[in-house]
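coords_22.pdb follows (PDB, C-alpha atoms):
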ATOM      1  CA  MET P   1      35.259  72.219 114.457
ATOM      2  CA  LYS P   2      32.043  71.369 112.633
ATOM      3  CA  LYS P   3      32.151  67.936 111.046
ATOM      4  CA  ARG P   4      31.883  67.998 107.269
ATOM      5  CA  LYS P   5      29.080  66.008 105.692
ATOM      6  CA  ASN P   6      29.796  62.943 103.582
ATOM      7  CA  VAL P   7      28.060  61.931 100.352
ATOM      8  CA  LEU P   8      28.685  58.520  98.767
ATOM      9  CA  VAL P   9      28.166  57.790  95.079
ATOM     10  CA  PHE P  10      28.105  54.264  93.635
ATOM     11  CA  VAL P  11      28.062  53.794  89.849
ATOM     12  CA  ALA P  12      28.857  51.092  87.328
ATOM     13  CA  HIS P  13      31.030  53.094  84.916
ATOM     14  CA  SER P  14      33.350  56.069  85.118
ATOM     15  CA  ASP P  15      31.027  58.651  83.557
ATOM     16  CA  ASP P  16      27.684  57.523  85.007
ATOM     17  CA  HIS P  17      27.715  59.848  88.012
ATOM     18  CA  VAL P  18      28.510  62.851  85.822
ATOM     19  CA  ILE P  19      25.627  62.070  83.464
ATOM     20  CA  GLY P  20      23.159  61.349  86.261
ATOM     21  CA  ALA P  21      24.194  63.750  89.015
ATOM     22  CA  GLY P  22      27.153  65.860  87.882
ATOM     23  CA  GLY P  23      25.570  69.227  88.623
ATOM     24  CA  THR P  24      24.367  68.152  92.056
ATOM     25  CA  LEU P  25      27.686  66.625  93.080
ATOM     26  CA  ALA P  26      29.581  69.735  91.973
ATOM     27  CA  LYS P  27      27.163  71.926  93.954
ATOM     28  CA  TYR P  28      27.557  69.797  97.076
ATOM     29  CA  ALA P  29      31.341  69.699  96.714
ATOM     30  CA  HIS P  30      31.519  73.487  96.395
ATOM     31  CA  SER P  31      29.321  73.748  99.502
ATOM     32  CA  GLY P  32      31.833  71.845 101.621
ATOM     33  CA  TYR P  33      30.583  68.271 101.368
ATOM     34  CA  ASN P  34      33.000  65.344 101.102
ATOM     35  CA  ILE P  35      32.078  63.481  97.917
ATOM     36  CA  TYR P  36      33.285  59.873  97.667
ATOM     37  CA  VAL P  37      32.814  58.235  94.257
ATOM     38  CA  TYR P  38      32.966  54.434  93.963
ATOM     39  CA  VAL P  39      33.040  53.013  90.449
ATOM     40  CA  PHE P  40      32.359  49.298  90.011
ATOM     41  CA  SER P  41      34.234  48.832  86.713
ATOM     42  CA  HIS P  42      36.763  50.706  84.608
ATOM     43  CA  GLY P  43      34.340  50.730  81.686
ATOM     44  CA  GLU P  44      36.931  49.195  79.388
ATOM     45  CA  ALA P  45      34.223  47.794  77.107
ATOM     46  CA  GLY P  46      33.416  51.381  76.154
ATOM     47  CA  ILE P  47      36.628  51.536  74.081
ATOM     48  CA  PRO P  48      36.576  48.177  72.253
ATOM     49  CA  TRP P  49      39.179  49.263  69.665
ATOM     50  CA  LEU P  50      41.900  49.554  72.334
ATOM     51  CA  LYS P  51      43.701  46.820  74.253
ATOM     52  CA  LYS P  52      42.191  46.285  77.701
ATOM     53  CA  GLY P  53      45.135  47.791  79.581
ATOM     54  CA  VAL P  54      45.160  50.907  77.433
ATOM     55  CA  ALA P  55      41.373  51.233  77.665
ATOM     56  CA  VAL P  56      41.478  50.978  81.463
ATOM     57  CA  GLU P  57      44.227  53.599  81.688
ATOM     58  CA  THR P  58      42.364  55.929  79.321
ATOM     59  CA  ARG P  59      39.067  55.735  81.153
ATOM     60  CA  PHE P  60      40.738  56.128  84.542
ATOM     61  CA  LYS P  61      42.494  59.322  83.455
ATOM     62  CA  GLU P  62      39.234  60.702  82.062
ATOM     63  CA  LEU P  63      37.493  59.880  85.344
ATOM     64  CA  ILE P  64      40.113  61.619  87.475
ATOM     65  CA  ASP P  65      40.150  64.700  85.237
ATOM     66  CA  ALA P  66      36.354  64.996  85.294
ATOM     67  CA  ASN P  67      36.099  64.489  89.049
ATOM     68  CA  LYS P  68      38.843  67.007  89.702
ATOM     69  CA  LEU P  69      36.970  69.558  87.599
ATOM     70  CA  LEU P  70      33.784  68.932  89.610
ATOM     71  CA  GLY P  71      35.651  69.112  92.910
ATOM     72  CA  LEU P  72      35.287  65.379  93.645
ATOM     73  CA  LYS P  73      38.743  64.527  94.889
ATOM     74  CA  ARG P  74      38.114  61.069  96.335
ATOM     75  CA  THR P  75      37.616  58.344  93.736
ATOM     76  CA  TYR P  76      37.808  54.570  94.125
ATOM     77  CA  ILE P  77      37.393  51.729  91.621
ATOM     78  CA  PHE P  78      36.325  48.211  92.600
ATOM     79  CA  GLY P  79      37.731  46.804  89.352
ATOM     80  CA  LEU P  80      34.920  44.480  88.281
ATOM     81  CA  ALA P  81      34.762  43.437  84.640
ATOM     82  CA  ASP P  82      32.731  45.811  82.504
ATOM     83  CA  GLY P  83      29.428  44.204  81.555
ATOM     84  CA  LYS P  84      29.716  41.509  84.234
ATOM     85  CA  CYS P  85      28.994  43.424  87.435
ATOM     86  CA  LYS P  86      26.062  41.195  88.358
ATOM     87  CA  ASP P  87      28.213  38.065  88.066
ATOM     88  CA  GLU P  88      31.177  39.493  90.007
ATOM     89  CA  ILE P  89      29.486  41.370  92.864
ATOM     90  CA  GLU P  90      29.225  38.231  94.995
ATOM     91  CA  ARG P  91      32.666  36.974  93.965
ATOM     92  CA  TYR P  92      34.360  40.166  95.135
ATOM     93  CA  LYS P  93      32.120  40.563  98.193
ATOM     94  CA  ILE P  94      31.018  44.005  97.035
ATOM     95  CA  VAL P  95      27.938  44.155  99.269
ATOM     96  CA  GLU P  96      30.148  43.620 102.330
ATOM     97  CA  LYS P  97      32.499  46.367 101.118
ATOM     98  CA  ILE P  98      29.623  48.779 100.609
ATOM     99  CA  SER P  99      28.289  48.014 104.087
ATOM    100  CA  ARG P 100      31.698  48.709 105.649
ATOM    101  CA  LEU P 101      32.085  51.947 103.691
ATOM    102  CA  ILE P 102      28.677  53.176 104.833
ATOM    103  CA  LYS P 103      29.478  52.325 108.446
ATOM    104  CA  GLU P 104      32.807  54.137 108.162
ATOM    105  CA  LYS P 105      31.636  57.280 106.325
ATOM    106  CA  LYS P 106      28.131  57.549 107.836
ATOM    107  CA  PRO P 107      26.900  59.498 104.798
ATOM    108  CA  CYS P 108      23.999  61.909 104.924
ATOM    109  CA  LYS P 109      23.147  61.001 101.321
ATOM    110  CA  ILE P 110      23.903  58.161  98.920
ATOM    111  CA  PHE P 111      23.407  58.381  95.139
ATOM    112  CA  THR P 112      23.294  55.432  92.767
ATOM    113  CA  HIS P 113      21.559  53.972  89.713
ATOM    114  CA  SER P 114      17.859  53.296  89.466
ATOM    115  CA  ALA P 115      16.394  49.818  89.677
ATOM    116  CA  ASN P 116      14.473  50.719  86.499
ATOM    117  CA  ASP P 117      17.541  51.405  84.373
ATOM    118  CA  SER P 118      17.670  49.288  81.228
ATOM    119  CA  HIS P 119      21.426  48.604  81.614
ATOM    120  CA  HIS P 120      22.010  45.370  83.558
ATOM    121  CA  ASP P 121      25.209  46.654  85.214
ATOM    122  CA  HIS P 122      23.312  49.685  86.504
ATOM    123  CA  ARG P 123      20.577  47.535  88.022
ATOM    124  CA  ALA P 124      23.166  45.261  89.616
ATOM    125  CA  VAL P 125      24.856  48.272  91.256
ATOM    126  CA  HIS P 126      21.516  49.507  92.568
ATOM    127  CA  ASP P 127      20.721  46.143  94.123
ATOM    128  CA  ALA P 128      24.165  45.886  95.738
ATOM    129  CA  VAL P 129      23.882  49.377  97.245
ATOM    130  CA  VAL P 130      20.398  48.703  98.641
ATOM    131  CA  LYS P 131      21.642  45.485 100.246
ATOM    132  CA  GLY P 132      24.799  47.155 101.563
ATOM    133  CA  LEU P 133      22.856  50.010 103.127
ATOM    134  CA  ARG P 134      20.378  47.608 104.717
ATOM    135  CA  ARG P 135      23.205  45.468 106.085
ATOM    136  CA  SER P 136      25.023  48.485 107.533
ATOM    137  CA  ARG P 137      22.004  49.495 109.641
ATOM    138  CA  ILE P 138      23.027  53.127 109.100
ATOM    139  CA  LYS P 139      20.263  55.638 108.470
ATOM    140  CA  SER P 140      21.088  57.456 105.255
ATOM    141  CA  ASP P 141      18.929  58.894 102.483
ATOM    142  CA  LEU P 142      19.315  56.865  99.289
ATOM    143  CA  TYR P 143      18.612  58.584  95.961
ATOM    144  CA  SER P 144      18.594  57.054  92.495
ATOM    145  CA  PHE P 145      18.888  58.456  88.989
ATOM    146  CA  ASP P 146      18.046  57.058  85.555
ATOM    147  CA  ILE P 147      20.536  57.093  82.691
ATOM    148  CA  TRP P 148      19.421  54.763  79.906
ATOM    149  CA  THR P 149      15.740  54.844  80.837
ATOM    150  CA  LEU P 150      14.021  57.725  79.045
ATOM    151  CA  PHE P 151      10.567  57.250  80.551
ATOM    152  CA  ARG P 152       9.898  55.709  83.932
ATOM    153  CA  PHE P 153       6.617  53.823  84.212
ATOM    154  CA  ARG P 154       7.256  51.984  87.480
ATOM    155  CA  ASN P 155       7.504  53.610  90.924
ATOM    156  CA  ARG P 156       6.780  57.075  89.534
ATOM    157  CA  ASP P 157       5.062  57.958  92.812
ATOM    158  CA  MET P 158       8.307  57.719  94.790
ATOM    159  CA  PRO P 159       9.355  60.879  96.694
ATOM    160  CA  LYS P 160      11.579  63.132  94.605
ATOM    161  CA  LEU P 161      14.526  65.382  95.344
ATOM    162  CA  TYR P 162      15.043  68.381  93.053
ATOM    163  CA  VAL P 163      18.411  70.144  93.178
ATOM    164  CA  ASP P 164      18.960  73.557  91.599
ATOM    165  CA  VAL P 165      22.030  73.151  89.372
ATOM    166  CA  SER P 166      21.742  76.445  87.512
ATOM    167  CA  ASP P 167      25.204  77.486  88.735
ATOM    168  CA  THR P 168      26.908  74.133  88.059
ATOM    169  CA  PHE P 169      25.165  72.844  84.919
ATOM    170  CA  ARG P 170      27.822  74.196  82.541
ATOM    171  CA  LEU P 171      30.500  72.651  84.754
ATOM    172  CA  LYS P 172      28.731  69.309  84.405
ATOM    173  CA  LEU P 173      28.798  69.626  80.602
ATOM    174  CA  LYS P 174      32.475  70.540  80.693
ATOM    175  CA  ALA P 175      33.194  67.494  82.867
ATOM    176  CA  LEU P 176      31.362  65.250  80.416
ATOM    177  CA  ARG P 177      33.632  66.506  77.654
ATOM    178  CA  MET P 178      36.578  65.147  79.671
ATOM    179  CA  PHE P 179      35.445  61.668  78.586
ATOM    180  CA  ARG P 180      36.847  62.105  75.091
ATOM    181  CA  SER P 181      36.788  58.373  74.361
ATOM    182  CA  GLN P 182      33.000  58.434  74.864
ATOM    183  CA  TRP P 183      32.161  61.228  72.438
ATOM    184  CA  ILE P 184      29.512  59.107  70.730
ATOM    185  CA  VAL P 185      27.767  58.545  74.069
ATOM    186  CA  TYR P 186      28.051  62.268  74.788
ATOM    187  CA  LEU P 187      26.282  63.075  71.518
ATOM    188  CA  MET P 188      23.576  60.543  72.361
ATOM    189  CA  PHE P 189      22.937  62.029  75.790
ATOM    190  CA  ILE P 190      23.425  65.769  75.329
ATOM    191  CA  THR P 191      19.856  66.477  74.150
ATOM    192  CA  LYS P 192      18.354  64.367  76.948
ATOM    193  CA  ILE P 193      20.601  66.055  79.532
ATOM    194  CA  PHE P 194      19.569  69.544  78.412
ATOM    195  CA  LEU P 195      15.872  68.647  78.179
ATOM    196  CA  SER P 196      15.776  66.923  81.582
ATOM    197  CA  ALA P 197      17.620  69.778  83.296
ATOM    198  CA  PHE P 198      15.287  72.327  81.706
ATOM    199  CA  LEU P 199      12.053  70.461  82.548
ATOM    200  CA  ASN P 200      13.220  69.714  86.081
ATOM    201  CA  GLY P 201      14.113  73.386  86.399
ATOM    202  CA  LEU P 202      10.594  74.392  85.380
ATOM    203  CA  HIS P 203       9.170  72.112  88.043
ATOM    204  CA  ASN P 204      11.638  73.465  90.614
ATOM    205  CA  GLY P 205      11.217  77.111  89.670
ATOM    206  CA  THR P 206      14.854  77.402  88.610
ATOM    207  CA  ARG P 207      16.735  77.568  85.325
ATOM    208  CA  PHE P 208      18.181  74.045  85.544
ATOM    209  CA  ALA P 209      17.680  71.232  88.044
ATOM    210  CA  GLU P 210      18.476  67.561  88.528
ATOM    211  CA  MET P 211      15.857  65.190  89.914
ATOM    212  CA  PHE P 212      16.361  62.048  91.967
ATOM    213  CA  TYR P 213      13.981  59.442  93.310
ATOM    214  CA  LYS P 214      14.206  58.784  97.027
ATOM    215  CA  GLU P 215      14.323  55.055  97.663
ATOM    216  CA  LYS P 216      11.790  53.825 100.226
TER     217      LYS P 216
END

Write out the structure in this file as structure tokens.
Amino acid sequence: MKKRKNVLVFVAHSDDHVIGAGGTLAKYAHSGYNIYVYVFSHGEAGIPWLKKGVAVETRFKELIDANKLLGLKRTYIFGLADGKCKDEIERYKIVEKISRLIKEKKPCKIFTHSANDSHHDHRAVHDAVVKGLRRSRIKSDLYSFDIWTLFRFRNRDMPKLYVDVSDTFRLKLKALRMFRSQWIVYLMFITKIFLSAFLNGLHNGTRFAEMFYKEK
């Protein structure tokens, strides 16, 4: 029996991977890849009007519903405090965990945040993944995506991966709507998501595409 390929995704908050790579992950999942999503925090700070326990439960349910819709059936949460990932990564030995996961899964691809992202939790996740991959000594392609950074001025010459998401783009949008508690964020991002997918599609010769930078 042919071994199925593994793809690992590391993000700070429960909706980051859908915003940054939802169409690509859905396409890979529907093509028979095993998609493992690791979320550093519950993102409880994204619902400040709710008690922490209720916020955590709400965001977790939204995450599971969205991932199920995309075909991502394996989801794990490290449980770091939202907004304090950089401070807690060492405390919870996250780099060691990432290294062990990479050794165990031997992924063909890894997706995570960009080092250029303006959100400090996103940058902290990127750094932890880079260190974990290096420590694992496993050869795996590492790709990054920007969320809060509209224009990248550094490292623009990095190799790029374009993925045709014409068939899964609407599914990505539907998955984003699963995060009902984040409707304000959805409204903020929807224009950028459409514009990026369209422009990347033009470059790729397809209707819609997602673009990722390959880490050197």

I need the output of the PyMOL selection byres ((chain P and resi 100-110) around 6) for this file as a list in words; which residues are they? Asn6, Val7, Leu8, Val9, Lys97, Ile98, Ser99, Phe111, Ser136, Ser140, Asp141 and Leu142 of chain P

Go ahead and save the residues from that selection, with C-alpha atoms, as a PDB file, in the frame of the given file.
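Here's the written file part_12.pdb:
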ATOM      1  CA  ASN P   6      29.796  62.943 103.582  1.00  0.00           C
ATOM      2  CA  VAL P   7      28.060  61.931 100.352  1.00  0.00           C
ATOM      3  CA  LEU P   8      28.685  58.520  98.767  1.00  0.00           C
ATOM      4  CA  VAL P   9      28.166  57.790  95.079  1.00  0.00           C
ATOM      5  CA  LYS P  97      32.499  46.367 101.118  1.00  0.00           C
ATOM      6  CA  ILE P  98      29.623  48.779 100.609  1.00  0.00           C
ATOM      7  CA  SER P  99      28.289  48.014 104.087  1.00  0.00           C
ATOM      8  CA  PHE P 111      23.407  58.381  95.139  1.00  0.00           C
ATOM      9  CA  SER P 136      25.023  48.485 107.533  1.00  0.00           C
ATOM     10  CA  SER P 140      21.088  57.456 105.255  1.00  0.00           C
ATOM     11  CA  ASP P 141      18.929  58.894 102.483  1.00  0.00           C
ATOM     12  CA  LEU P 142      19.315  56.865  99.289  1.00  0.00           C
TER      13      LEU P 142
END

Mind pulling up the distance from atom CA of P:Arg180 to atom CA of P:Tyr33?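 Between atom CA of P:Tyr33 and atom CA of P:Arg180 the gap is 27.7 Å.
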
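The residue that comes closest to P:Ala209, out of P:Gly79, P:Gly46, P:Gly20, P:Gly53 and on the basis of all atoms listed in the file, is P:Gly20.
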
Within 8 Å of P:Asn200 using only C-alpha atoms, minus same-chain residues under 3 positions, as a PyMOL selection string: chain P and resi 162+196-197+203-204+208-211

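Counting only C-alpha atoms, the residue from P:Ser166, P:Ser181, P:Ser118, P:Thr191 that sits nearest to P:Thr206 is P:Ser166.
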
Find, counting only C-alpha atoms, the residue in P:Asp164, P:His13, P:Tyr36, P:Ser31 that gets nearest to P:Val56.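 Selected residue with least distance to P:Val56: P:His13.
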
Atoms are missing here; could stretch 96-130 of chain P be completed with N, CA and C atoms and written as a PDB file, in the frame of the given file?
ATOM      1  N   GLU P  96      29.459  43.467 101.046  1.00  0.00           N
ATOM      2  CA  GLU P  96      30.148  43.620 102.330  1.00  0.00           C
ATOM      3  C   GLU P  96      31.007  44.882 102.334  1.00  0.00           C
ATOM      4  N   LYS P  97      31.672  45.168 101.210  1.00  0.00           N
ATOM      5  CA  LYS P  97      32.499  46.367 101.118  1.00  0.00           C
ATOM      6  C   LYS P  97      31.646  47.631 101.236  1.00  0.00           C
ATOM      7  N   ILE P  98      30.514  47.619 100.552  1.00  0.00           N
ATOM      8  CA  ILE P  98      29.623  48.779 100.609  1.00  0.00           C
ATOM      9  C   ILE P  98      29.127  48.992 102.033  1.00  0.00           C
ATOM     10  N   SER P  99      28.762  47.920 102.704  1.00  0.00           N
ATOM     11  CA  SER P  99      28.289  48.014 104.087  1.00  0.00           C
ATOM     12  C   SER P  99      29.363  48.619 104.989  1.00  0.00           C
ATOM     13  N   ARG P 100      30.602  48.177 104.833  1.00  0.00           N
ATOM     14  CA  ARG P 100      31.698  48.709 105.649  1.00  0.00           C
ATOM     15  C   ARG P 100      31.940  50.184 105.355  1.00  0.00           C
ATOM     16  N   LEU P 101      31.864  50.547 104.074  1.00  0.00           N
ATOM     17  CA  LEU P 101      32.085  51.947 103.691  1.00  0.00           C
ATOM     18  C   LEU P 101      31.013  52.853 104.293  1.00  0.00           C
ATOM     19  N   ILE P 102      29.767  52.389 104.272  1.00  0.00           N
ATOM     20  CA  ILE P 102      28.677  53.176 104.833  1.00  0.00           C
ATOM     21  C   ILE P 102      28.837  53.318 106.343  1.00  0.00           C
ATOM     22  N   LYS P 103      29.242  52.245 107.008  1.00  0.00           N
ATOM     23  CA  LYS P 103      29.478  52.325 108.446  1.00  0.00           C
ATOM     24  C   LYS P 103      30.608  53.300 108.761  1.00  0.00           C
ATOM     25  N   GLU P 104      31.640  53.284 107.933  1.00  0.00           N
ATOM     26  CA  GLU P 104      32.807  54.137 108.162  1.00  0.00           C
ATOM     27  C   GLU P 104      32.497  55.612 107.881  1.00  0.00           C
ATOM     28  N   LYS P 105      31.856  55.888 106.750  1.00  0.00           N
ATOM     29  CA  LYS P 105      31.636  57.280 106.325  1.00  0.00           C
ATOM     30  C   LYS P 105      30.374  57.898 106.936  1.00  0.00           C
ATOM     31  N   LYS P 106      29.415  57.057 107.300  1.00  0.00           N
ATOM     32  CA  LYS P 106      28.131  57.549 107.836  1.00  0.00           C
ATOM     33  C   LYS P 106      27.590  58.708 106.986  1.00  0.00           C
ATOM     34  N   PRO P 107      27.317  58.428 105.720  1.00  0.00           N
ATOM     35  CA  PRO P 107      26.900  59.498 104.798  1.00  0.00           C
ATOM     36  C   PRO P 107      25.516  60.053 105.108  1.00  0.00           C
ATOM     37  N   CYS P 108      25.327  61.322 104.796  1.00  0.00           N
ATOM     38  CA  CYS P 108      23.999  61.909 104.924  1.00  0.00           C
ATOM     39  C   CYS P 108      23.160  61.586 103.692  1.00  0.00           C
ATOM     40  N   LYS P 109      23.839  61.349 102.563  1.00  0.00           N
ATOM     41  CA  LYS P 109      23.147  61.001 101.321  1.00  0.00           C
ATOM     42  C   LYS P 109      23.981  59.986 100.547  1.00  0.00           C
ATOM     43  N   ILE P 110      23.272  59.119  99.828  1.00  0.00           N
ATOM     44  CA  ILE P 110      23.903  58.161  98.920  1.00  0.00           C
ATOM     45  C   ILE P 110      23.195  58.277  97.576  1.00  0.00           C
ATOM     46  N   PHE P 111      23.971  58.319  96.489  1.00  0.00           N
ATOM     47  CA  PHE P 111      23.407  58.381  95.139  1.00  0.00           C
ATOM     48  C   PHE P 111      23.854  57.146  94.361  1.00  0.00           C
ATOM     49  N   THR P 112      22.944  56.577  93.596  1.00  0.00           N
ATOM     50  CA  THR P 112      23.294  55.432  92.767  1.00  0.00           C
ATOM     51  C   THR P 112      22.290  55.297  91.620  1.00  0.00           C
ATOM     52  N   HIS P 113      22.441  54.237  90.848  1.00  0.00           N
ATOM     53  CA  HIS P 113      21.559  53.972  89.713  1.00  0.00           C
ATOM     54  C   HIS P 113      20.154  53.585  90.162  1.00  0.00           C
ATOM     55  N   SER P 114      19.241  53.697  89.233  1.00  0.00           N
ATOM     56  CA  SER P 114      17.859  53.296  89.466  1.00  0.00           C
ATOM     57  C   SER P 114      17.670  51.805  89.193  1.00  0.00           C
ATOM     58  N   ALA P 115      16.741  51.223  89.919  1.00  0.00           N
ATOM     59  CA  ALA P 115      16.394  49.818  89.677  1.00  0.00           C
ATOM     60  C   ALA P 115      15.681  49.657  88.345  1.00  0.00           C
ATOM     61  N   ASN P 116      15.213  50.763  87.764  1.00  0.00           N
ATOM     62  CA  ASN P 116      14.473  50.719  86.499  1.00  0.00           C
ATOM     63  C   ASN P 116      15.369  50.899  85.279  1.00  0.00           C
ATOM     64  N   ASP P 117      16.646  51.147  85.493  1.00  0.00           N
ATOM     65  CA  ASP P 117      17.541  51.405  84.373  1.00  0.00           C
ATOM     66  C   ASP P 117      17.628  50.181  83.470  1.00  0.00           C
ATOM     67  N   SER P 118      17.658  50.400  82.176  1.00  0.00           N
ATOM     68  CA  SER P 118      17.670  49.288  81.228  1.00  0.00           C
ATOM     69  C   SER P 118      19.027  48.591  81.136  1.00  0.00           C
ATOM     70  N   HIS P 119      20.089  49.208  81.664  1.00  0.00           N
ATOM     71  CA  HIS P 119      21.426  48.604  81.614  1.00  0.00           C
ATOM     72  C   HIS P 119      21.585  47.644  82.793  1.00  0.00           C
ATOM     73  N   HIS P 120      21.941  46.392  82.505  1.00  0.00           N
ATOM     74  CA  HIS P 120      22.010  45.370  83.558  1.00  0.00           C
ATOM     75  C   HIS P 120      23.068  45.665  84.610  1.00  0.00           C
ATOM     76  N   ASP P 121      24.196  46.284  84.225  1.00  0.00           N
ATOM     77  CA  ASP P 121      25.209  46.654  85.214  1.00  0.00           C
ATOM     78  C   ASP P 121      24.665  47.704  86.172  1.00  0.00           C
ATOM     79  N   HIS P 122      23.883  48.629  85.665  1.00  0.00           N
ATOM     80  CA  HIS P 122      23.312  49.685  86.504  1.00  0.00           C
ATOM     81  C   HIS P 122      22.338  49.099  87.528  1.00  0.00           C
ATOM     82  N   ARG P 123      21.521  48.169  87.095  1.00  0.00           N
ATOM     83  CA  ARG P 123      20.577  47.535  88.022  1.00  0.00           C
ATOM     84  C   ARG P 123      21.317  46.724  89.072  1.00  0.00           C
ATOM     85  N   ALA P 124      22.388  46.064  88.669  1.00  0.00           N
ATOM     86  CA  ALA P 124      23.166  45.261  89.616  1.00  0.00           C
ATOM     87  C   ALA P 124      23.796  46.151  90.691  1.00  0.00           C
ATOM     88  N   VAL P 125      24.279  47.327  90.295  1.00  0.00           N
ATOM     89  CA  VAL P 125      24.856  48.272  91.256  1.00  0.00           C
ATOM     90  C   VAL P 125      23.784  48.741  92.230  1.00  0.00           C
ATOM     91  N   HIS P 126      22.622  49.078  91.699  1.00  0.00           N
ATOM     92  CA  HIS P 126      21.516  49.507  92.568  1.00  0.00           C
ATOM     93  C   HIS P 126      21.202  48.453  93.622  1.00  0.00           C
ATOM     94  N   ASP P 127      21.067  47.215  93.195  1.00  0.00           N
ATOM     95  CA  ASP P 127      20.721  46.143  94.123  1.00  0.00           C
ATOM     96  C   ASP P 127      21.795  45.963  95.194  1.00  0.00           C
ATOM     97  N   ALA P 128      23.063  46.050  94.788  1.00  0.00           N
ATOM     98  CA  ALA P 128      24.165  45.886  95.738  1.00  0.00           C
ATOM     99  C   ALA P 128      24.180  47.017  96.769  1.00  0.00           C
ATOM    100  N   VAL P 129      23.890  48.229  96.333  1.00  0.00           N
ATOM    101  CA  VAL P 129      23.882  49.377  97.245  1.00  0.00           C
ATOM    102  C   VAL P 129      22.729  49.259  98.239  1.00  0.00           C
ATOM    103  N   VAL P 130      21.557  48.877  97.752  1.00  0.00           N
ATOM    104  CA  VAL P 130      20.398  48.703  98.641  1.00  0.00           C
ATOM    105  C   VAL P 130      20.714  47.655  99.706  1.00  0.00           C
TER     106      VAL P 130
END
